Each structure stands twice: as structure tokens, then as C-alpha cells.
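Colleague: This is structure_29.pdb (PDB, C-alpha atoms).
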ATOM      1  CA  MET A   1      27.433 -13.850  47.265
ATOM      2  CA  PRO A   2      24.259 -13.927  45.111
ATOM      3  CA  LYS A   3      24.006 -16.640  42.526
ATOM      4  CA  THR A   4      24.160 -15.393  38.949
ATOM      5  CA  THR A   5      22.601 -17.019  35.922
ATOM      6  CA  ASN A   6      23.027 -16.612  32.196
ATOM      7  CA  THR A   7      19.362 -15.892  31.477
ATOM      8  CA  THR A   8      18.529 -13.801  28.449
ATOM      9  CA  THR A   9      15.537 -11.982  29.901
ATOM     10  CA  ILE A  10      15.293 -10.006  33.131
ATOM     11  CA  PRO A  11      12.172  -8.163  34.321
ATOM     12  CA  VAL A  12      12.038  -4.507  33.294
ATOM     13  CA  ALA A  13      12.127  -3.544  36.981
ATOM     14  CA  ALA A  14      15.702  -4.855  37.106
ATOM     15  CA  ALA A  15      16.826  -2.656  34.214
ATOM     16  CA  ALA A  16      19.456   0.041  34.626
ATOM     17  CA  VAL A  17      17.986   3.240  36.039
ATOM     18  CA  PHE A  18      18.949   6.596  34.568
ATOM     19  CA  THR A  19      17.581   9.303  36.845
ATOM     20  CA  ASP A  20      17.116  13.043  36.350
ATOM     21  CA  GLU A  21      20.293  13.466  38.388
ATOM     22  CA  THR A  22      22.123  11.197  35.930
ATOM     23  CA  LEU A  23      20.972  13.441  33.094
ATOM     24  CA  ARG A  24      21.981  16.600  34.968
ATOM     25  CA  GLN A  25      25.483  15.287  35.667
ATOM     26  CA  ALA A  26      25.821  14.161  32.044
ATOM     27  CA  ALA A  27      24.938  17.704  30.947
ATOM     28  CA  GLU A  28      27.775  19.010  33.117
ATOM     29  CA  LEU A  29      30.165  16.504  31.538
ATOM     30  CA  ALA A  30      29.019  17.625  28.083
ATOM     31  CA  ILE A  31      30.148  21.182  28.785
ATOM     32  CA  ASP A  32      33.760  20.102  29.364
ATOM     33  CA  ALA A  33      33.825  17.234  26.877
ATOM     34  CA  HIS A  34      37.068  16.866  24.904
ATOM     35  CA  ARG A  35      35.029  16.737  21.708
ATOM     36  CA  PRO A  36      31.832  18.817  21.452
ATOM     37  CA  VAL A  37      28.928  16.431  21.971
ATOM     38  CA  TRP A  38      26.572  18.005  19.467
ATOM     39  CA  LEU A  39      29.097  18.769  16.705
ATOM     40  CA  GLY A  40      29.163  16.309  13.818
ATOM     41  CA  ASP A  41      31.985  15.309  11.512
ATOM     42  CA  SER A  42      30.519  17.685   8.920
ATOM     43  CA  GLY A  43      31.443  20.597  11.190
ATOM     44  CA  GLU A  44      27.785  21.415  11.753
ATOM     45  CA  GLU A  45      25.944  21.294  15.056
ATOM     46  CA  CYS A  46      23.042  18.900  15.620
ATOM     47  CA  THR A  47      19.978  20.103  17.470
ATOM     48  CA  GLY A  48      18.823  18.219  20.517
ATOM     49  CA  GLU A  49      15.574  17.448  18.711
ATOM     50  CA  ALA A  50      17.386  15.885  15.733
ATOM     51  CA  VAL A  51      19.415  13.668  18.067
ATOM     52  CA  ALA A  52      16.279  12.725  20.021
ATOM     53  CA  ARG A  53      14.562  11.687  16.782
ATOM     54  CA  HIS A  54      17.595   9.576  15.856
ATOM     55  CA  LEU A  55      17.438   7.825  19.232
ATOM     56  CA  GLU A  56      13.661   7.322  18.943
ATOM     57  CA  ALA A  57      14.112   5.711  15.536
ATOM     58  CA  THR A  58      16.871   3.492  16.968
ATOM     59  CA  LEU A  59      14.589   2.378  19.782
ATOM     60  CA  ALA A  60      11.760   1.674  17.320
ATOM     61  CA  LEU A  61      14.132  -0.330  15.110
ATOM     62  CA  LEU A  62      15.296  -2.489  18.014
ATOM     63  CA  GLU A  63      11.706  -3.044  19.126
ATOM     64  CA  LYS A  64      10.780  -4.134  15.604
ATOM     65  CA  GLU A  65      13.789  -6.249  14.629
ATOM     66  CA  GLY A  66      15.144  -7.236  18.019
ATOM     67  CA  TRP A  67      18.312  -6.461  19.974
ATOM     68  CA  THR A  68      21.358  -8.632  20.451
ATOM     69  CA  ARG A  69      24.319  -8.024  22.730
ATOM     70  CA  VAL A  70      26.839  -9.161  20.103
ATOM     71  CA  TYR A  71      26.661 -11.027  16.831
ATOM     72  CA  GLU A  72      27.313 -14.737  17.057
ATOM     73  CA  VAL A  73      30.050 -16.264  14.939
ATOM     74  CA  VAL A  74      28.382 -18.885  12.742
ATOM     75  CA  GLN A  75      30.578 -21.846  11.925
ATOM     76  CA  PRO A  76      30.433 -22.998   8.292
ATOM     77  CA  VAL A  77      28.431 -26.162   7.624
ATOM     78  CA  GLN A  78      30.709 -29.117   7.021
ATOM     79  CA  GLN A  79      30.191 -30.673   3.600
ATOM     80  CA  THR A  80      29.591 -34.415   3.585
ATOM     81  CA  ALA A  81      30.947 -36.758   0.937
ATOM     82  CA  ASP A  82      27.682 -36.761  -1.024
ATOM     83  CA  ARG A  83      27.234 -32.979  -0.663
ATOM     84  CA  SER A  84      30.383 -31.650  -2.186
ATOM     85  CA  PRO A  85      30.591 -27.840  -2.514
ATOM     86  CA  ALA A  86      31.836 -28.132  -6.087
ATOM     87  CA  LEU A  87      31.090 -30.343  -9.025
ATOM     88  CA  ALA A  88      33.917 -32.585 -10.085
ATOM     89  CA  ALA A  89      34.160 -33.210 -13.784
ATOM     90  CA  ASP A  90      36.631 -34.620 -16.258
ATOM     91  CA  GLU A  91      36.512 -35.580 -19.919
ATOM     92  CA  SER A  92      36.327 -39.319 -19.208
ATOM     93  CA  MET A  93      32.952 -39.036 -17.384
ATOM     94  CA  SER A  94      29.824 -40.097 -19.229
ATOM     95  CA  VAL A  95      26.892 -37.757 -19.767
ATOM     96  CA  LYS A  96      24.800 -39.919 -17.423
ATOM     97  CA  THR A  97      27.398 -39.625 -14.621
ATOM     98  CA  LEU A  98      27.635 -35.868 -15.107
ATOM     99  CA  LEU A  99      23.848 -35.459 -14.992
ATOM    100  CA  LEU A 100      23.504 -37.607 -11.872
ATOM    101  CA  GLN A 101      26.213 -35.595 -10.148
ATOM    102  CA  LEU A 102      24.493 -32.345 -11.162
ATOM    103  CA  ILE A 103      21.127 -33.554  -9.809
ATOM    104  CA  ARG A 104      22.721 -34.558  -6.484
ATOM    105  CA  PHE A 105      24.418 -31.168  -6.255
ATOM    106  CA  ILE A 106      21.163 -29.266  -6.925
ATOM    107  CA  ARG A 107      19.254 -31.378  -4.377
ATOM    108  CA  ALA A 108      21.875 -30.608  -1.736
ATOM    109  CA  GLU A 109      21.711 -26.885  -2.504
ATOM    110  CA  VAL A 110      17.886 -26.858  -2.345
ATOM    111  CA  ALA A 111      17.949 -28.781   0.937
ATOM    112  CA  ASP A 112      20.317 -26.194   2.414
ATOM    113  CA  ALA A 113      18.101 -23.357   1.158
ATOM    114  CA  ASP A 114      15.041 -24.906   2.855
ATOM    115  CA  VAL A 115      16.632 -24.614   6.290
ATOM    116  CA  PRO A 116      14.912 -21.651   7.968
ATOM    117  CA  ALA A 117      17.056 -18.784   9.144
ATOM    118  CA  PRO A 118      17.408 -18.590  12.927
ATOM    119  CA  VAL A 119      14.798 -16.372  14.533
ATOM    120  CA  GLY A 120      16.078 -13.990  17.161
ATOM    121  CA  PRO A 121      17.676 -10.624  17.898
ATOM    122  CA  ARG A 122      19.247  -9.000  14.892
ATOM    123  CA  ARG A 123      20.909  -5.692  15.756
ATOM    124  CA  THR A 124      23.421  -4.515  18.293
ATOM    125  CA  LEU A 125      23.111  -0.982  19.680
ATOM    126  CA  PRO A 126      25.938   0.440  17.490
ATOM    127  CA  THR A 127      24.637  -1.189  14.294
ATOM    128  CA  ALA A 128      21.113   0.077  14.995
ATOM    129  CA  LEU A 129      22.441   3.621  15.502
ATOM    130  CA  ARG A 130      24.368   3.429  12.220
ATOM    131  CA  TYR A 131      21.382   1.998  10.341
ATOM    132  CA  VAL A 132      19.237   4.950  11.425
ATOM    133  CA  GLY A 133      22.076   7.264  10.384
ATOM    134  CA  ALA A 134      21.580   6.077   6.811
ATOM    135  CA  SER A 135      17.801   6.534   6.900
ATOM    136  CA  ASP A 136      15.318   9.406   6.731
ATOM    137  CA  HIS A 137      15.455   9.654  10.543
ATOM    138  CA  GLY A 138      19.094  10.654  10.883
ATOM    139  CA  ASP A 139      22.507  11.076   9.280
ATOM    140  CA  GLY A 140      26.147  10.592  10.136
ATOM    141  CA  ASP A 141      26.215  13.655  12.368
ATOM    142  CA  THR A 142      23.164  12.706  14.431
ATOM    143  CA  CYS A 143      24.559   9.172  14.717
ATOM    144  CA  GLU A 144      27.823  10.472  16.202
ATOM    145  CA  ALA A 145      26.021  12.885  18.525
ATOM    146  CA  ALA A 146      23.590  10.178  19.650
ATOM    147  CA  SER A 147      26.499   7.841  20.425
ATOM    148  CA  ARG A 148      28.218  10.562  22.474
ATOM    149  CA  VAL A 149      25.008  11.284  24.395
ATOM    150  CA  LEU A 150      24.610   7.610  25.309
ATOM    151  CA  THR A 151      28.268   7.415  26.317
ATOM    152  CA  LEU A 152      27.916  10.440  28.613
ATOM    153  CA  LEU A 153      24.965   8.795  30.345
ATOM    154  CA  VAL A 154      26.872   5.530  30.767
ATOM    155  CA  ARG A 155      29.898   7.372  32.192
ATOM    156  CA  VAL A 156      27.748   9.025  34.848
ATOM    157  CA  HIS A 157      25.821   5.803  35.487
ATOM    158  CA  THR A 158      28.970   3.716  35.978
ATOM    159  CA  GLY A 159      31.178   6.425  37.472
ATOM    160  CA  HIS A 160      33.900   5.535  34.954
ATOM    161  CA  ALA A 161      35.311   8.436  32.928
ATOM    162  CA  GLN A 162      36.382   6.264  29.971
ATOM    163  CA  ALA A 163      33.291   4.030  29.680
ATOM    164  CA  LEU A 164      31.674   3.642  26.264
ATOM    165  CA  ALA A 165      27.984   3.012  25.612
ATOM    166  CA  SER A 166      28.806   0.426  22.938
ATOM    167  CA  SER A 167      30.952  -1.605  25.346
ATOM    168  CA  TRP A 168      28.397  -1.198  28.155
ATOM    169  CA  ALA A 169      25.696  -2.660  25.880
ATOM    170  CA  GLU A 170      27.900  -5.684  25.111
ATOM    171  CA  ARG A 171      28.312  -6.864  28.697
ATOM    172  CA  GLN A 172      27.175 -10.468  29.197
ATOM    173  CA  HIS A 173      24.542  -9.559  31.779
ATOM    174  CA  ARG A 174      23.092  -6.696  29.726
ATOM    175  CA  THR A 175      19.399  -6.961  28.850
ATOM    176  CA  VAL A 176      17.082  -5.412  26.300
ATOM    177  CA  ALA A 177      15.456  -3.556  29.206
ATOM    178  CA  ASP A 178      18.816  -1.954  30.047
ATOM    179  CA  VAL A 179      19.351  -0.822  26.464
ATOM    180  CA  THR A 180      15.782   0.480  26.262
ATOM    181  CA  ALA A 181      16.325   2.448  29.480
ATOM    182  CA  LEU A 182      19.541   3.947  28.089
ATOM    183  CA  LEU A 183      17.913   4.986  24.810
ATOM    184  CA  THR A 184      14.901   6.446  26.615
ATOM    185  CA  ALA A 185      17.201   8.467  28.867
ATOM    186  CA  GLY A 186      19.139   9.623  25.805
ATOM    187  CA  ILE A 187      15.943  10.879  24.157
ATOM    188  CA  THR A 188      15.025  12.869  27.268
ATOM    189  CA  PHE A 189      18.580  14.185  27.617
ATOM    190  CA  ALA A 190      18.738  15.380  24.007
ATOM    191  CA  ARG A 191      15.403  17.203  24.256
ATOM    192  CA  THR A 192      16.249  18.716  27.640
ATOM    193  CA  TYR A 193      19.896  19.699  27.239
ATOM    194  CA  GLY A 194      20.624  19.662  23.498
ATOM    195  CA  PRO A 195      21.004  22.736  21.291
ATOM    196  CA  GLY A 196      17.627  24.396  20.781
ATOM    197  CA  ALA A 197      16.175  23.005  24.008
ATOM    198  CA  THR A 198      14.504  25.425  26.418
ATOM    199  CA  ALA A 199      16.440  23.936  29.342
ATOM    200  CA  THR A 200      19.860  23.996  27.665
ATOM    201  CA  VAL A 201      22.708  24.080  30.149
ATOM    202  CA  ALA A 202      25.194  26.845  29.247
TER
END
Could you take the file, read its structure, and then write that structure out as C-alpha cells?

Modeller:
Amino acid sequence: MPKTTNTTTIPVAAAAVFTDETLRQAAELAIDAHRPVWLGDSGEECTGEAVARHLEATLALLEKEGWTRVYEVVQPVQQTADRSPALAADESMSVKTLLLQLIRFIRAEVADADVPAPVGPRRTLPTALRYVGASDHGDGDTCEAASRVLTLLVRVHTGHAQALASSWAERQHRTVADVTALLTAGITFARTYGPGATATVA
């Protein structure tokens, strides 16, 4: 059994491969899909080109801001005795004591503010898709259609009829190269098989 590691980067050559045959089979699945792939919640149909542009913008966003499999849960910083989260005050305290306490409190707050934010991946695949849906490059309908396109590709790729692209992208061994390959395949699929495409499958 091959040894597995928890590395965060894998060469692009090891990324998931979505072939032309994968796209063709996904197009067949789209025909019989329970919910029309290209129909948005507005009741209007998205063109393949509009969905492709949404996916291109998603890919560009992840390349710019970084991709993360899931968001980490950040534990709150424990307050020490001399860095209390709130100022204690009562009428018996002198002005000097109050001022000293206020200065200590401000110093602690400034020290916390000087800690640089962690540098690293910032967006999961679903959050990137939704972000683009609220931009000039897409809307709610193209976001839903783009998600369905990616899910169709993952279902063919994995052979599992209930697989979801969002869950696939969250697997522990998933890499940015895998997600890039999926988005790239989605762009090609939308332009090849989406409404308005010359090669649309009936």
C-alpha cells in the first residue's frame, strides 16, 4: 500500500484529469438531470458563455486570492490577567488608577492589532463561486448553473451519481491543481455543451 502524506502541494501532473470523454458523458447526464442544469432560480436560462465567464472569473479569483479546502476554526485568544477584555471601574477608584488601567487596556489592544493576519489561502470553491455571483462577472443564476456543471463533471469523474463538487473540493487530499483542473474543464464544458454553443447536445 503506497504511503500517503499530508502535504499541501502536489505537482500539477498529479491533478485530477477531466478528459473530453468526461465532458461528453457529463453532457449526457445533463440531458436527464432532475433539475435543468442551465435554468436559474429566476426561471431564466443561462447561456453556456455566461456560465463559462462565471467559471473563468472564479478561477481568476482563486489564482489571485488563493484557494483553501475548508476554513480553519480560529480559537479565541485567551486574555491574560493584565490584558483584560473589559475595563473594570467603580466609584472608589482614583483618577490615577483609572487612567493607568485605561493606558494598559489601550496598549494591549494596540499590541493585538499589530499582529499580522495569517497569510495563506482565502477562499473555498463554493465561496469563490458565490463571490463571483455578486460581481459584474456573474449573478445568482450563473452561480447555480456553474455549480451544477462542476457537479456533473465530478459525478462522471468519480462514477458516483450523488457526488457534489463542493464536497469533492473539500477532501483532505484535494489540491489547488485539482480544483484548477475542474474549473478549466467546466469552462470548456459550458462553451461546448451549454445553451448557445455550436456543439450543444440535444

Colleague: Near segment 167-182 of chain A, counting all atoms listed in the file, which residues have an atom at most 6 Å away, once you skip same-chain residues fewer than 2 positions from it, shown as number ranges by chain?

Modeller: A: 12, 15-16, 69, 164-165, 184-185

Colleague: Record the distance separating atom CA of Thr142 of chain A and atom CA of Glu21 of chain A, expressed in Å with one decimal.

Modeller: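 Those two atoms sit 24.1 Å apart.
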
Colleague: In Å, how far is it from atom CA of Gln162 of chain A to atom CA of Glu44 of chain A?

Modeller: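 Atom-to-atom, atom CA of Gln162 of chain A and atom CA of Glu44 of chain A are spaced 25.2 Å apart.
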
Colleague: Taking the file as shown, what set of residues would the PyMOL selection byres ((chain A and resi 123-129) around 9) give back, as an NGL selection string?

Modeller: :A and (54-55 or 57-59 or 61-62 or 65-71 or 121-122 or 130-133 or 143-144 or 146-147 or 165-166 or 169-170 or 179)

Colleague: Carefully work through the PyMOL selection byres ((chain A and resi 39) around 12) for this structure and note down the residues it includes, as a PyMOL selection string.

Modeller: chain A and resi 30+33-38+40-48+51+140-149+194-195

Colleague: Go through A:Leu152, A:Ile103, A:Ala108, A:Ala50 one by one, measure the shortest atom-to-atom distance of each to Asp139 of chain A using only C-alpha atoms, and give the residue with the smallest value.

Modeller: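 Smallest distance to Asp139 of chain A is found for A:Ala50.
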
Colleague: With N, CA and C atoms as the atom set, please write segment 143-166 of chain A from the structure just given, as a CSV table (one decimal), in the first residue's frame.

Modeller:
chain,number,residue,atom,x,y,z
A,143,CYS,N,-24.2,31.4,-11.0
A,143,CYS,CA,-23.6,30.7,-9.9
A,143,CYS,C,-24.2,29.3,-9.7
A,144,GLU,N,-25.5,29.2,-9.8
A,144,GLU,CA,-26.2,27.9,-9.6
A,144,GLU,C,-25.8,27.0,-10.8
A,145,ALA,N,-25.9,27.5,-12.0
A,145,ALA,CA,-25.6,26.7,-13.2
A,145,ALA,C,-24.1,26.3,-13.2
A,146,ALA,N,-23.2,27.2,-12.8
A,146,ALA,CA,-21.8,26.8,-12.7
A,146,ALA,C,-21.6,25.7,-11.7
A,147,SER,N,-22.2,25.8,-10.5
A,147,SER,CA,-22.1,24.7,-9.5
A,147,SER,C,-22.6,23.4,-10.1
A,148,ARG,N,-23.7,23.4,-10.8
A,148,ARG,CA,-24.3,22.2,-11.4
A,148,ARG,C,-23.4,21.6,-12.4
A,149,VAL,N,-22.8,22.4,-13.2
A,149,VAL,CA,-21.8,22.0,-14.2
A,149,VAL,C,-20.6,21.3,-13.6
A,150,LEU,N,-20.1,21.9,-12.5
A,150,LEU,CA,-18.9,21.3,-11.8
A,150,LEU,C,-19.3,19.9,-11.2
A,151,THR,N,-20.6,19.9,-10.6
A,151,THR,CA,-21.0,18.7,-10.0
A,151,THR,C,-21.2,17.6,-11.0
A,152,LEU,N,-21.7,17.9,-12.2
A,152,LEU,CA,-21.9,16.9,-13.3
A,152,LEU,C,-20.5,16.3,-13.6
A,153,LEU,N,-19.5,17.1,-13.7
A,153,LEU,CA,-18.2,16.7,-14.1
A,153,LEU,C,-17.6,15.8,-13.0
A,154,VAL,N,-17.8,16.1,-11.7
A,154,VAL,CA,-17.3,15.3,-10.6
A,154,VAL,C,-18.1,14.0,-10.6
A,155,ARG,N,-19.4,14.0,-10.9
A,155,ARG,CA,-20.1,12.7,-10.9
A,155,ARG,C,-19.6,11.7,-11.9
A,156,VAL,N,-19.2,12.3,-13.1
A,156,VAL,CA,-18.7,11.4,-14.1
A,156,VAL,C,-17.3,11.0,-13.7
A,157,HIS,N,-16.5,11.9,-13.2
A,157,HIS,CA,-15.1,11.6,-12.8
A,157,HIS,C,-15.0,10.6,-11.7
A,158,THR,N,-15.9,10.6,-10.7
A,158,THR,CA,-15.9,9.7,-9.6
A,158,THR,C,-16.7,8.4,-9.9
A,159,GLY,N,-17.7,8.5,-10.8
A,159,GLY,CA,-18.6,7.4,-11.0
A,159,GLY,C,-19.7,7.3,-10.0
A,160,HIS,N,-19.8,8.4,-9.2
A,160,HIS,CA,-20.8,8.4,-8.1
A,160,HIS,C,-22.0,9.3,-8.5
A,161,ALA,N,-23.2,8.8,-8.5
A,161,ALA,CA,-24.3,9.6,-9.0
A,161,ALA,C,-24.8,10.7,-8.1
A,162,GLN,N,-24.4,10.6,-6.8
A,162,GLN,CA,-24.8,11.7,-5.8
A,162,GLN,C,-23.6,12.6,-5.4
A,163,ALA,N,-22.5,12.5,-6.0
A,163,ALA,CA,-21.3,13.3,-5.6
A,163,ALA,C,-21.6,14.8,-5.9
A,164,LEU,N,-21.0,15.6,-5.1
A,164,LEU,CA,-21.1,17.1,-5.2
A,164,LEU,C,-19.8,17.7,-5.4
A,165,ALA,N,-19.7,18.7,-6.2
A,165,ALA,CA,-18.4,19.3,-6.5
A,165,ALA,C,-17.8,20.0,-5.2
A,166,SER,N,-18.7,20.6,-4.4
A,166,SER,CA,-18.3,21.3,-3.2
A,166,SER,C,-17.7,20.3,-2.2
